[in-house]
Structure formats: C-alpha cells, structure tokens
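Visitor: Got coords_37.pdb for you, PDB, C-alpha atoms:
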ATOM      1  CA  MET F   1     133.452  42.846 119.551
ATOM      2  CA  PRO F   2     134.082  39.076 119.225
ATOM      3  CA  LYS F   3     133.511  36.843 122.225
ATOM      4  CA  ALA F   4     136.775  35.482 123.646
ATOM      5  CA  VAL F   5     137.272  31.732 123.989
ATOM      6  CA  PRO F   6     136.632  31.021 127.701
ATOM      7  CA  LEU F   7     139.376  29.595 129.897
ATOM      8  CA  LEU F   8     137.811  27.257 132.498
ATOM      9  CA  SER F   9     139.264  25.897 135.721
ATOM     10  CA  LYS F  10     137.330  22.599 135.603
ATOM     11  CA  ILE F  11     134.977  20.529 133.476
ATOM     12  CA  PRO F  12     131.570  22.271 133.482
ATOM     13  CA  GLU F  13     128.480  20.731 135.020
ATOM     14  CA  LYS F  14     126.317  18.823 132.535
ATOM     15  CA  SER F  15     123.573  21.455 132.401
ATOM     16  CA  GLU F  16     126.091  24.266 131.852
ATOM     17  CA  PHE F  17     127.964  22.259 129.235
ATOM     18  CA  TYR F  18     124.883  21.727 127.044
ATOM     19  CA  GLN F  19     123.381  25.177 127.619
ATOM     20  CA  LYS F  20     126.522  27.234 127.063
ATOM     21  CA  TYR F  21     129.067  25.203 125.108
ATOM     22  CA  TRP F  22     127.906  22.101 123.228
ATOM     23  CA  ASN F  23     127.634  23.113 119.575
ATOM     24  CA  LYS F  24     127.930  26.779 120.627
ATOM     25  CA  SER F  25     131.344  27.759 121.930
ATOM     26  CA  PRO F  26     134.871  26.379 122.302
ATOM     27  CA  PHE F  27     136.578  26.383 125.696
ATOM     28  CA  ILE F  28     139.878  25.444 127.297
ATOM     29  CA  ILE F  29     140.391  23.720 130.648
ATOM     30  CA  LYS F  30     143.841  23.965 132.158
ATOM     31  CA  GLY F  31     144.899  20.737 133.858
ATOM     32  CA  GLY F  32     141.582  19.048 133.103
ATOM     33  CA  ILE F  33     143.075  15.538 132.838
ATOM     34  CA  ASP F  34     145.023  14.040 135.731
ATOM     35  CA  LYS F  35     148.569  12.886 135.014
ATOM     36  CA  THR F  36     147.735   9.371 136.230
ATOM     37  CA  VAL F  37     145.272   9.117 133.311
ATOM     38  CA  LEU F  38     147.833  10.458 130.837
ATOM     39  CA  GLN F  39     150.301   7.775 131.910
ATOM     40  CA  GLU F  40     147.927   5.077 130.615
ATOM     41  CA  LEU F  41     147.724   6.527 127.108
ATOM     42  CA  ILE F  42     149.711   5.301 124.142
ATOM     43  CA  PRO F  43     153.291   6.623 123.966
ATOM     44  CA  ALA F  44     154.993   7.823 120.798
ATOM     45  CA  GLU F  45     156.930   4.604 120.134
ATOM     46  CA  GLU F  46     153.807   2.418 120.211
ATOM     47  CA  LEU F  47     151.902   4.954 118.105
ATOM     48  CA  ALA F  48     154.594   4.701 115.438
ATOM     49  CA  GLY F  49     154.280   0.911 115.703
ATOM     50  CA  LEU F  50     150.570   1.075 114.927
ATOM     51  CA  SER F  51     151.299   3.137 111.815
ATOM     52  CA  LEU F  52     153.222   0.155 110.379
ATOM     53  CA  GLU F  53     150.117  -2.055 110.377
ATOM     54  CA  GLU F  54     148.092  -2.613 107.210
ATOM     55  CA  ASP F  55     144.619  -2.151 108.725
ATOM     56  CA  ILE F  56     145.396   1.025 110.694
ATOM     57  CA  ARG F  57     144.583   4.434 109.199
ATOM     58  CA  SER F  58     147.568   6.721 109.575
ATOM     59  CA  ARG F  59     149.061   9.833 107.966
ATOM     60  CA  ILE F  60     152.270  11.810 108.078
ATOM     61  CA  VAL F  61     151.794  15.515 107.415
ATOM     62  CA  MET F  62     154.818  17.607 106.464
ATOM     63  CA  SER F  63     154.486  21.378 106.770
ATOM     64  CA  GLY F  64     156.359  23.615 104.332
ATOM     65  CA  ALA F  65     157.442  27.206 103.888
ATOM     66  CA  THR F  66     154.034  27.975 102.378
ATOM     67  CA  PRO F  67     150.789  25.967 102.644
ATOM     68  CA  LYS F  68     151.200  24.800  99.027
ATOM     69  CA  ASP F  69     154.434  23.099 100.066
ATOM     70  CA  TRP F  70     152.644  20.920 102.610
ATOM     71  CA  THR F  71     152.313  17.188 101.933
ATOM     72  CA  CYS F  72     150.233  14.349 103.346
ATOM     73  CA  GLU F  73     151.322  10.720 103.011
ATOM     74  CA  HIS F  74     149.070   7.835 104.019
ATOM     75  CA  GLY F  75     150.244   4.684 105.769
ATOM     76  CA  PRO F  76     150.999   1.945 106.397
ATOM     77  CA  PHE F  77     154.619   3.035 106.772
ATOM     78  CA  ASP F  78     157.804   1.045 107.230
ATOM     79  CA  GLU F  79     160.308   1.497 110.018
ATOM     80  CA  GLU F  80     162.850   3.126 107.708
ATOM     81  CA  LYS F  81     160.399   5.971 107.067
ATOM     82  CA  TYR F  82     160.998   7.438 110.507
ATOM     83  CA  SER F  83     164.774   7.495 110.087
ATOM     84  CA  THR F  84     164.359   9.759 107.048
ATOM     85  CA  LEU F  85     162.157  12.394 108.703
ATOM     86  CA  PRO F  86     163.626  15.769 109.690
ATOM     87  CA  GLU F  87     163.812  17.118 113.231
ATOM     88  CA  MET F  88     161.073  19.684 112.586
ATOM     89  CA  ASN F  89     157.785  20.327 110.789
ATOM     90  CA  TRP F  90     155.996  16.979 110.679
ATOM     91  CA  SER F  91     153.187  15.121 112.436
ATOM     92  CA  LEU F  92     152.054  11.496 112.590
ATOM     93  CA  LEU F  93     148.293  10.992 112.978
ATOM     94  CA  VAL F  94     146.730   7.604 113.754
ATOM     95  CA  GLN F  95     142.967   6.868 113.881
ATOM     96  CA  ASP F  96     140.983   4.472 116.111
ATOM     97  CA  VAL F  97     143.756   4.170 118.677
ATOM     98  CA  GLU F  98     141.349   3.240 121.479
ATOM     99  CA  LYS F  99     140.387   0.104 119.511
ATOM    100  CA  ASN F 100     144.000  -0.942 119.023
ATOM    101  CA  HIS F 101     145.534   0.184 122.326
ATOM    102  CA  PRO F 102     142.918  -0.636 125.010
ATOM    103  CA  PRO F 103     144.508   1.472 127.800
ATOM    104  CA  THR F 104     143.920   4.566 125.660
ATOM    105  CA  ALA F 105     140.173   3.841 125.793
ATOM    106  CA  SER F 106     140.307   4.813 129.489
ATOM    107  CA  LEU F 107     140.448   8.432 128.322
ATOM    108  CA  LEU F 108     136.817   8.201 127.210
ATOM    109  CA  GLY F 109     135.700   7.893 130.832
ATOM    110  CA  GLU F 110     136.836  11.488 131.393
ATOM    111  CA  PHE F 111     134.073  12.684 129.061
ATOM    112  CA  ALA F 112     131.073  10.975 130.668
ATOM    113  CA  PHE F 113     129.248  14.323 130.615
ATOM    114  CA  SER F 114     129.235  14.228 126.801
ATOM    115  CA  PRO F 115     126.989  12.101 124.514
ATOM    116  CA  SER F 116     129.226   9.028 124.484
ATOM    117  CA  TRP F 117     126.934   7.319 121.956
ATOM    118  CA  LEU F 118     128.240   9.816 119.377
ATOM    119  CA  ILE F 119     131.937   9.084 119.968
ATOM    120  CA  ASP F 120     133.668   8.161 116.727
ATOM    121  CA  ASP F 121     137.239   7.435 117.764
ATOM    122  CA  VAL F 122     140.358   8.617 119.554
ATOM    123  CA  MET F 123     142.853   9.950 117.037
ATOM    124  CA  VAL F 124     146.375  10.449 118.368
ATOM    125  CA  SER F 125     148.996  12.711 116.858
ATOM    126  CA  TYR F 126     152.705  12.812 117.548
ATOM    127  CA  SER F 127     154.453  15.937 116.313
ATOM    128  CA  VAL F 128     157.846  17.595 116.440
ATOM    129  CA  PRO F 129     158.388  21.372 116.720
ATOM    130  CA  GLY F 130     156.684  23.132 113.828
ATOM    131  CA  GLY F 131     154.368  20.189 113.240
ATOM    132  CA  GLY F 132     150.644  20.639 112.600
ATOM    133  CA  VAL F 133     147.953  20.163 109.965
ATOM    134  CA  GLY F 134     147.292  23.823 109.232
ATOM    135  CA  PRO F 135     144.237  26.009 109.892
ATOM    136  CA  HIS F 136     141.079  23.999 109.245
ATOM    137  CA  ILE F 137     137.508  23.278 110.287
ATOM    138  CA  ASP F 138     135.876  19.947 111.181
ATOM    139  CA  SER F 139     132.264  18.858 110.744
ATOM    140  CA  TYR F 140     132.281  17.134 114.138
ATOM    141  CA  HIS F 141     132.837  17.888 117.826
ATOM    142  CA  VAL F 142     136.275  17.238 119.271
ATOM    143  CA  PHE F 143     138.027  17.334 122.631
ATOM    144  CA  LEU F 144     141.779  17.815 122.254
ATOM    145  CA  VAL F 145     143.739  16.477 125.210
ATOM    146  CA  GLN F 146     147.369  17.486 125.441
ATOM    147  CA  GLY F 147     149.717  14.690 126.490
ATOM    148  CA  GLN F 148     153.449  15.209 126.621
ATOM    149  CA  GLY F 149     154.991  18.401 125.269
ATOM    150  CA  LYS F 150     153.517  21.766 124.375
ATOM    151  CA  ARG F 151     151.482  23.219 121.540
ATOM    152  CA  SER F 152     150.215  26.634 120.535
ATOM    153  CA  TRP F 153     146.618  26.764 119.347
ATOM    154  CA  LYS F 154     144.635  29.453 117.582
ATOM    155  CA  ILE F 155     140.877  28.962 118.050
ATOM    156  CA  GLY F 156     138.271  30.908 116.105
ATOM    157  CA  HIS F 157     135.621  33.112 117.674
ATOM    158  CA  ASP F 158     132.890  32.124 115.212
ATOM    159  CA  PRO F 159     132.041  29.093 113.060
ATOM    160  CA  ILE F 160     132.753  29.015 109.331
ATOM    161  CA  GLN F 161     130.041  27.030 107.566
ATOM    162  CA  MET F 162     131.489  27.200 104.044
ATOM    163  CA  GLY F 163     135.268  27.238 104.267
ATOM    164  CA  GLU F 164     137.438  28.045 101.258
ATOM    165  CA  TYR F 165     140.513  25.840 100.974
ATOM    166  CA  ILE F 166     143.890  26.119  99.307
ATOM    167  CA  GLU F 167     143.743  24.320  95.969
ATOM    168  CA  ASP F 168     145.955  21.518  94.662
ATOM    169  CA  ILE F 169     147.140  20.062  97.973
ATOM    170  CA  ASP F 170     146.090  16.865  99.740
ATOM    171  CA  LEU F 171     144.982  18.709 102.881
ATOM    172  CA  LYS F 172     141.981  20.886 103.714
ATOM    173  CA  ILE F 173     143.831  24.041 104.776
ATOM    174  CA  LEU F 174     141.770  27.218 105.001
ATOM    175  CA  LYS F 175     142.671  29.779 102.373
ATOM    176  CA  HIS F 176     141.958  32.832 104.534
ATOM    177  CA  GLU F 177     142.987  33.935 108.016
ATOM    178  CA  PHE F 178     140.395  33.753 110.791
ATOM    179  CA  ASP F 179     139.819  35.817 113.932
ATOM    180  CA  GLY F 180     140.581  33.967 117.126
ATOM    181  CA  ASP F 181     142.513  33.639 120.369
ATOM    182  CA  VAL F 182     145.909  31.995 120.794
ATOM    183  CA  PHE F 183     146.625  29.646 123.701
ATOM    184  CA  ASP F 184     149.627  27.607 124.803
ATOM    185  CA  VAL F 185     148.697  24.175 126.151
ATOM    186  CA  GLU F 186     150.669  21.566 128.081
ATOM    187  CA  ALA F 187     150.124  18.137 129.612
ATOM    188  CA  GLY F 188     146.563  17.635 130.896
ATOM    189  CA  ASP F 189     144.970  20.646 129.208
ATOM    190  CA  ILE F 190     141.687  20.132 127.314
ATOM    191  CA  ILE F 191     140.309  22.072 124.360
ATOM    192  CA  TYR F 192     136.697  21.640 123.219
ATOM    193  CA  ILE F 193     135.972  22.681 119.635
ATOM    194  CA  PRO F 194     132.420  22.487 118.219
ATOM    195  CA  PRO F 195     131.792  21.777 114.526
ATOM    196  CA  TYR F 196     132.958  24.377 112.000
ATOM    197  CA  PHE F 197     134.945  26.507 114.460
ATOM    198  CA  PRO F 198     138.310  27.149 112.771
ATOM    199  CA  HIS F 199     141.430  26.103 114.649
ATOM    200  CA  SER F 200     145.113  25.623 114.049
ATOM    201  CA  GLY F 201     147.735  23.986 116.251
ATOM    202  CA  GLU F 202     151.511  24.175 116.037
ATOM    203  CA  THR F 203     153.885  22.143 118.170
ATOM    204  CA  THR F 204     156.456  24.074 120.180
ATOM    205  CA  GLN F 205     157.867  21.076 122.072
ATOM    206  CA  GLU F 206     157.771  17.400 120.996
ATOM    207  CA  SER F 207     154.156  16.562 121.551
ATOM    208  CA  LEU F 208     151.361  13.987 121.819
ATOM    209  CA  THR F 209     147.745  15.091 121.368
ATOM    210  CA  TYR F 210     144.719  12.838 121.941
ATOM    211  CA  SER F 211     141.626  13.857 119.949
ATOM    212  CA  VAL F 212     138.259  12.480 121.082
ATOM    213  CA  GLY F 213     135.898  12.953 118.138
ATOM    214  CA  PHE F 214     132.076  12.963 118.192
ATOM    215  CA  LEU F 215     130.666  12.316 114.724
ATOM    216  CA  GLY F 216     126.975  12.062 113.950
ATOM    217  CA  PRO F 217     125.778   9.957 110.992
ATOM    218  CA  SER F 218     124.504  11.505 107.784
ATOM    219  CA  LEU F 219     120.804  11.246 106.990
ATOM    220  CA  SER F 220     121.585   9.020 104.007
ATOM    221  CA  GLU F 221     123.553   6.592 106.203
ATOM    222  CA  MET F 222     120.685   6.343 108.668
ATOM    223  CA  MET F 223     118.071   5.841 105.944
ATOM    224  CA  VAL F 224     120.117   3.019 104.400
ATOM    225  CA  GLU F 225     120.555   1.295 107.770
ATOM    226  CA  PHE F 226     116.885   1.757 108.704
ATOM    227  CA  GLY F 227     116.000   0.313 105.306
ATOM    228  CA  HIS F 228     118.020  -2.813 106.130
ATOM    229  CA  PHE F 229     116.154  -3.058 109.434
ATOM    230  CA  ILE F 230     112.758  -2.702 107.743
ATOM    231  CA  GLU F 231     113.717  -5.444 105.296
ATOM    232  CA  GLU F 232     114.002  -7.837 108.235
ATOM    233  CA  GLN F 233     110.612  -6.823 109.693
ATOM    234  CA  GLU F 234     107.844  -8.537 107.757
ATOM    235  CA  LYS F 235     105.070  -6.334 109.150
ATOM    236  CA  LEU F 236     106.905  -3.115 108.243
ATOM    237  CA  ASN F 237     108.227  -4.215 104.863
ATOM    238  CA  SER F 238     104.958  -4.236 102.963
ATOM    239  CA  ARG F 239     105.100  -3.840  99.195
ATOM    240  CA  TYR F 240     103.434  -0.875  97.497
ATOM    241  CA  ALA F 241     100.085  -1.970  96.030
ATOM    242  CA  GLY F 242      98.636   1.362  94.857
ATOM    243  CA  ALA F 243      95.533   0.925  96.999
ATOM    244  CA  LYS F 244      94.588   4.622  96.812
ATOM    245  CA  LEU F 245      95.357   5.274  93.145
ATOM    246  CA  ASP F 246      92.825   7.223  91.071
ATOM    247  CA  GLU F 247      92.571   8.484  87.497
ATOM    248  CA  GLN F 248      94.958  11.363  88.214
ATOM    249  CA  SER F 249      97.791   8.816  88.351
ATOM    250  CA  SER F 250      96.991   7.119  85.067
ATOM    251  CA  GLY F 251      99.544   6.773  82.303
ATOM    252  CA  ASP F 252     102.889   8.423  83.006
ATOM    253  CA  ASP F 253     101.463  10.751  85.643
ATOM    254  CA  MET F 254     101.600  10.508  89.432
ATOM    255  CA  SER F 255      99.180  12.660  91.380
ATOM    256  CA  VAL F 256     100.225  14.929  94.248
ATOM    257  CA  GLY F 257      97.971  12.825  96.439
ATOM    258  CA  GLU F 258      99.862   9.658  95.526
ATOM    259  CA  VAL F 259     103.173  11.324  96.411
ATOM    260  CA  GLU F 260     101.629  12.019  99.809
ATOM    261  CA  ASN F 261     100.563   8.374 100.099
ATOM    262  CA  PHE F 262     104.171   7.288  99.604
ATOM    263  CA  ARG F 263     105.327   9.857 102.145
ATOM    264  CA  ASN F 264     102.783   8.609 104.671
ATOM    265  CA  SER F 265     103.935   5.011 104.208
ATOM    266  CA  MET F 266     107.510   5.992 105.015
ATOM    267  CA  ARG F 267     106.346   8.177 107.887
ATOM    268  CA  ASP F 268     104.346   5.271 109.320
ATOM    269  CA  ALA F 269     107.511   3.167 109.437
ATOM    270  CA  ILE F 270     109.381   5.901 111.315
ATOM    271  CA  ASN F 271     106.442   6.481 113.654
ATOM    272  CA  SER F 272     106.163   2.788 114.455
ATOM    273  CA  GLU F 273     107.148   1.332 117.812
ATOM    274  CA  HIS F 274     110.120  -0.314 116.101
ATOM    275  CA  PHE F 275     111.938   2.917 115.234
ATOM    276  CA  GLU F 276     113.168   3.744 118.740
ATOM    277  CA  ALA F 277     114.445   0.203 119.260
ATOM    278  CA  TRP F 278     116.297   0.330 115.936
ATOM    279  CA  LEU F 279     117.757   3.784 116.656
ATOM    280  CA  ARG F 280     119.123   2.800 120.059
ATOM    281  CA  SER F 281     120.516  -0.421 118.617
ATOM    282  CA  TYR F 282     122.101   1.514 115.749
ATOM    283  CA  PHE F 283     124.088   3.760 118.092
ATOM    284  CA  ASP F 284     124.950   0.859 120.402
ATOM    285  CA  ASP F 285     126.539  -0.852 117.397
ATOM    286  CA  GLN F 286     128.473   2.325 116.527
ATOM    287  CA  CYS F 287     129.940   2.398 120.055
ATOM    288  CA  ASP F 288     131.124  -1.237 119.968
TER     289      ASP F 288
END
Show this structure as structure tokens.
Guide:
Amino acid sequence: MPKAVPLLSKIPEKSEFYQKYWNKSPFIIKGGIDKTVLQELIPAEELAGLSLEEDIRSRIVMSGATPKDWTCEHGPFDEEKYSTLPEMNWSLLVQDVEKNHPPTASLLGEFAFSPSWLIDDVMVSYSVPGGGVGPHIDSYHVFLVQGQGKRSWKIGHDPIQMGEYIEDIDLKILKHEFDGDVFDVEAGDIIYIPPYFPHSGETTQESLTYSVGFLGPSLSEMMVEFGHFIEEQEKLNSRYAGAKLDEQSSGDDMSVGEVENFRNSMRDAINSEHFEAWLRSYFDDQCD
C-alpha cells in the first residue's frame, strides 16, 4: 500500500528533515508561513510588470481541453497581452524574482533549515481558476509556498526517474496518470517536493505561488569551472610530459597504465588542498 504524503503542523527539526524528508518524501505544512511574511512578497501587478522586461525570464501557460491543446509563450510580453487573456485557464510564471524584487528574498529566511547554498531562485506564478502547468516532474528540490488564493495539488507517492511526456507540445506534461494524494492549499501553506516526485497543481481561486528551487550543478558544469580554477593556479596546472611512458604506449597505442597516470593526475588536483577552497567559493558565487 503506498505511503501517504504526510501533513505536518510545523516545519520539522533539522535532523528530522534530513533523515525523513530531504530527497525522500514530500510533505505539506498547513500555515507554515506567517501572513506578515506573505505581505512582503511580490503582488500580481508587479509580477506582471517584471514580465514586460527584456532580461527577465517569463512564460504564460494556457491550459486546453486536452493536454495537446496547451500552449506556452515566452516573454517579454507587452501590456496589451494581459487585456487579451481569458478569465480562466492560464498562468504567468516569472523566474529569479528574488533578484528583481528584493522584499521577496525575505522568503528565503524561512528555509534556513535547508541547504541554502543550493538555492537556485524564487519563481513566482500568478494563475486564474483552471490555471496550471500540468502533471510533471522536476530534477530539483522545491518548496511551494501558497500566497493569495487557493490551489488543488496532486502529489505522487513515489518518484518517477524516467518520465514519458506528451509529444509535440512546448511543455513537459506527463503522458500517464500517477498515484498520489490530493490537497487543497491556501495562504501560508508549504509543500515540499523532492526531485522526480510527480505533482500537478490547479488553481481554484485567483492565486500566487512562490516556488523556492534548490538546483545542484551537473558534473560537467563543475568540471568546467574547476578547470578554469586550475588554469589560474600555476602549481596545479602542470602540462603532461609523459614522464612514466614505456614501450606499451608507442605508436598509436596508449597503455592501461598510462590511462591510470592521467587519472591520477586529475585525482591529485581534486585531492589537493585547493579543491575545498574552490568548491566553497563556487557555491558562494552561485548564491550571490
């Protein structure tokens, strides 16, 4: 029998959060964010204003009668766009709001128990009744904070590592139904969703949702950035000289032993005293 999504009365203690929930299980906290905090967050009118700016990432998602009828349009938008939208079935989503509306950054202080060095951004969505982005999975952790209005959420019991999506639309909507629990949320409620847990929200009353995302870097991104760091460190950035080559690496061949020599050189760089300093600096820069 599937495990139900737990309904909590308060934010869990740090030890409980990491042992029971982080990367393991979604949860919902009713009234987890005080209304005085919500009052500081960006309102709908200012969110729409951000979506008019050239350097702001924004989308308008229109839901249709069937998933194949859904559309996604990317900003920047003009003011006339909003006068043409219907009364139902659409959402505006804006990324990096905490960087462009400083009071919204105050929301991050509510999640001090989480690894703040992994925070990617605060995405804010405004939606009218029927609005949503369809059933989907994310590759990152997210806390969904309900602002004004009400939404209905379905949250999966188990992660889906390899989701199948509906073809030929500009949205990643899951092709198949998933098992889960349905919850109604209102102002101040928090939902935590770990990576790959399917979820789907639909607005029942004009709504603002604040999504705090935690996104880890890919291995390739980190290797590129560490490579740039090594390039600036003369002692670490030694050039390959083939000091341990033997006859097994003559001609077009490379011996298994020489492959290991290369591996050891790269391992020595990672094992050096410089790696920790670079790693901490790397995540400090991501947080700025």
Visitor: Name the closest residue to F:Phe183 among the candidates F:Ala65, F:Ile166, F:Met223, F:Ile29; distances are taken between atoms, counting all atoms listed in the file.
Guide: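 Ranked by minimum distance to F:Phe183, first place goes to F:Ile29.
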Visitor: With all atoms listed in the file as the basis for distance, which of F:Gly201, F:Pro86, F:Gly109, F:Gly213 is at the shortest distance from F:Asp138?
Guide: F:Gly213
Visitor: Which residue, F:Ser63, F:Ser211, F:Ser114, F:Ser255, has the smallest gap to F:Asp96 when you use all atoms listed in the file?
Guide: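 Of F:Ser63, F:Ser211, F:Ser114, F:Ser255, the one nearest F:Asp96 is F:Ser211, counting all atoms listed in the file.
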Visitor: Starting from the PyMOL selection byres ((chain F and resi 59) around 6), expand the selection into actual residues of this file and give them as a list in words.
Guide: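 Against this file, the PyMOL selection byres ((chain F and resi 59) around 6) returns the residues Ser58, Ile60, Glu73, His74, Gly75, Leu92 and Leu93 of chain F.
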Visitor: Could you write out as a list in words the residues that the PyMOL selection byres ((chain F and resi 69) around 12) matches in the shown file?
Guide: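 Listing what the PyMOL selection byres ((chain F and resi 69) around 12) selects in the shown file: Val61, Met62, Ser63, Gly64, Ala65, Thr66, Pro67, Lys68, Trp70, Thr71, Cys72, Asn89, Gly134, Ile166, Glu167, Asp168, Ile169, Asp170, Leu171 and Ile173 of chain F.
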Visitor: Calculate how many Å separate atom CA of F:Gln233 from atom CA of F:Val259, rounding to one decimal.
Guide: 23.7 Å
Visitor: Rounded to one decimal place, report the atom CA of F:Asn100-atom CA of F:Ser83 distance in Å.
Guide: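 Between these atoms lies a distance of 24.1 Å.
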Visitor: Rounded to one decimal place, report the atom CA of F:Pro135-atom CA of F:Val94 distance in Å.
Guide: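 About the pair atom CA of F:Pro135 and atom CA of F:Val94: they are 19.0 Å apart.
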Visitor: Out of F:Tyr196, F:Phe178, F:Phe262, F:Phe275, which residue has the shortest atom-to-atom distance to F:Phe226 when counting only C-alpha atoms?
Guide: F:Phe275
Visitor: Give me, as a PyMOL selection string, all polymer residues having an atom no more than 12 Å from F:Ile11, counting only C-alpha atoms and skipping those fewer than 4 positions away in the same chain.
Guide: chain F and resi 7+15-17+21+27-33+110-114+143+189-192
Visitor: On this structure, the PyMOL selection byres ((chain F and resi 283) around 10) would catch which residues? List them as a short mmCIF file (atom, residue, chain, number, x, y, z; two decimals) with C-alpha atoms, in the coordinates of the input, sorted by chain and number.
Guide:
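Saved the output as selection_15.cif:
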data_model
loop_
_atom_site.label_atom_id
_atom_site.label_comp_id
_atom_site.auth_asym_id
_atom_site.auth_seq_id
_atom_site.Cartn_x
_atom_site.Cartn_y
_atom_site.Cartn_z
CA SER F 116 129.23 9.03 124.48
CA TRP F 117 126.93 7.32 121.96
CA LEU F 118 128.24 9.82 119.38
CA ILE F 119 131.94 9.08 119.97
CA GLY F 216 126.98 12.06 113.95
CA PRO F 217 125.78 9.96 110.99
CA TRP F 278 116.30 0.33 115.94
CA LEU F 279 117.76 3.78 116.66
CA ARG F 280 119.12 2.80 120.06
CA SER F 281 120.52 -0.42 118.62
CA TYR F 282 122.10 1.51 115.75
CA ASP F 284 124.95 0.86 120.40
CA ASP F 285 126.54 -0.85 117.40
CA GLN F 286 128.47 2.33 116.53
CA CYS F 287 129.94 2.40 120.06
CA ASP F 288 131.12 -1.24 119.97
#
Visitor: Using all atoms listed in the file for the distances, tell me which of F:Ile160, F:Met254, F:Met222, F:Met266 is nearest to F:Asn237.
Guide: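 That would be F:Met266, the residue with the smallest distance to F:Asn237.
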Visitor: Determine, using all atoms listed in the file, which residues of stretch 106-201 of chain F have any atom at most 12 Å from an atom of stretch 42-51 of chain F, and tabulate each with its shortest atom pair and distance in Å to one decimal place, rows ordered by chain and then rising number, as a tab-separated table.
Guide:
residue	atom	partner	partner_atom	distance
F:Ser106	CA	F:Ile42	CA	10.8
F:Leu107	CA	F:Ile42	CA	10.6
F:Val122	CA	F:Ile42	CA	10.9
F:Met123	CA	F:Leu47	CA	10.4
F:Val124	CA	F:Leu47	CA	7.8
F:Ser125	CA	F:Leu47	CA	8.4
F:Tyr126	CA	F:Ala44	CA	6.4
F:Ser127	CA	F:Ala44	CA	9.3
F:Val128	CA	F:Ala44	CA	11.1
F:Gly147	CA	F:Pro43	CA	9.2
F:Gln148	CA	F:Pro43	CA	9.0
F:Gly149	CA	F:Ala44	CA	11.5
Visitor: Could you check the closest approach to F:Val37 for each of F:Ala277, F:Val182, F:Ala105, F:Ile270 and tell me which residue wins, using all atoms listed in the file?
Guide: F:Ala105
Visitor: Excluding F:Asn261 and any residue of its chain fewer than 3 positions from it, enumerate the residues within 12 Å of it, using all atoms listed in the file, and give them as an MDAnalysis selection string.
Guide: chainID F and resid 240:246 254:258 264:268
Visitor: Would you place a box with edges along x, y and z of the file around all atoms of stretch 129-132 of chain F listed there, add 6 Å to each of its six sides, and report the centre and edge lengths in Å to one decimal, as AutoDock Vina command-line options?
Guide:
--center_x 154.5 --center_y 21.7 --center_z 114.7 --size_x 19.7 --size_y 14.9 --size_z 16.1
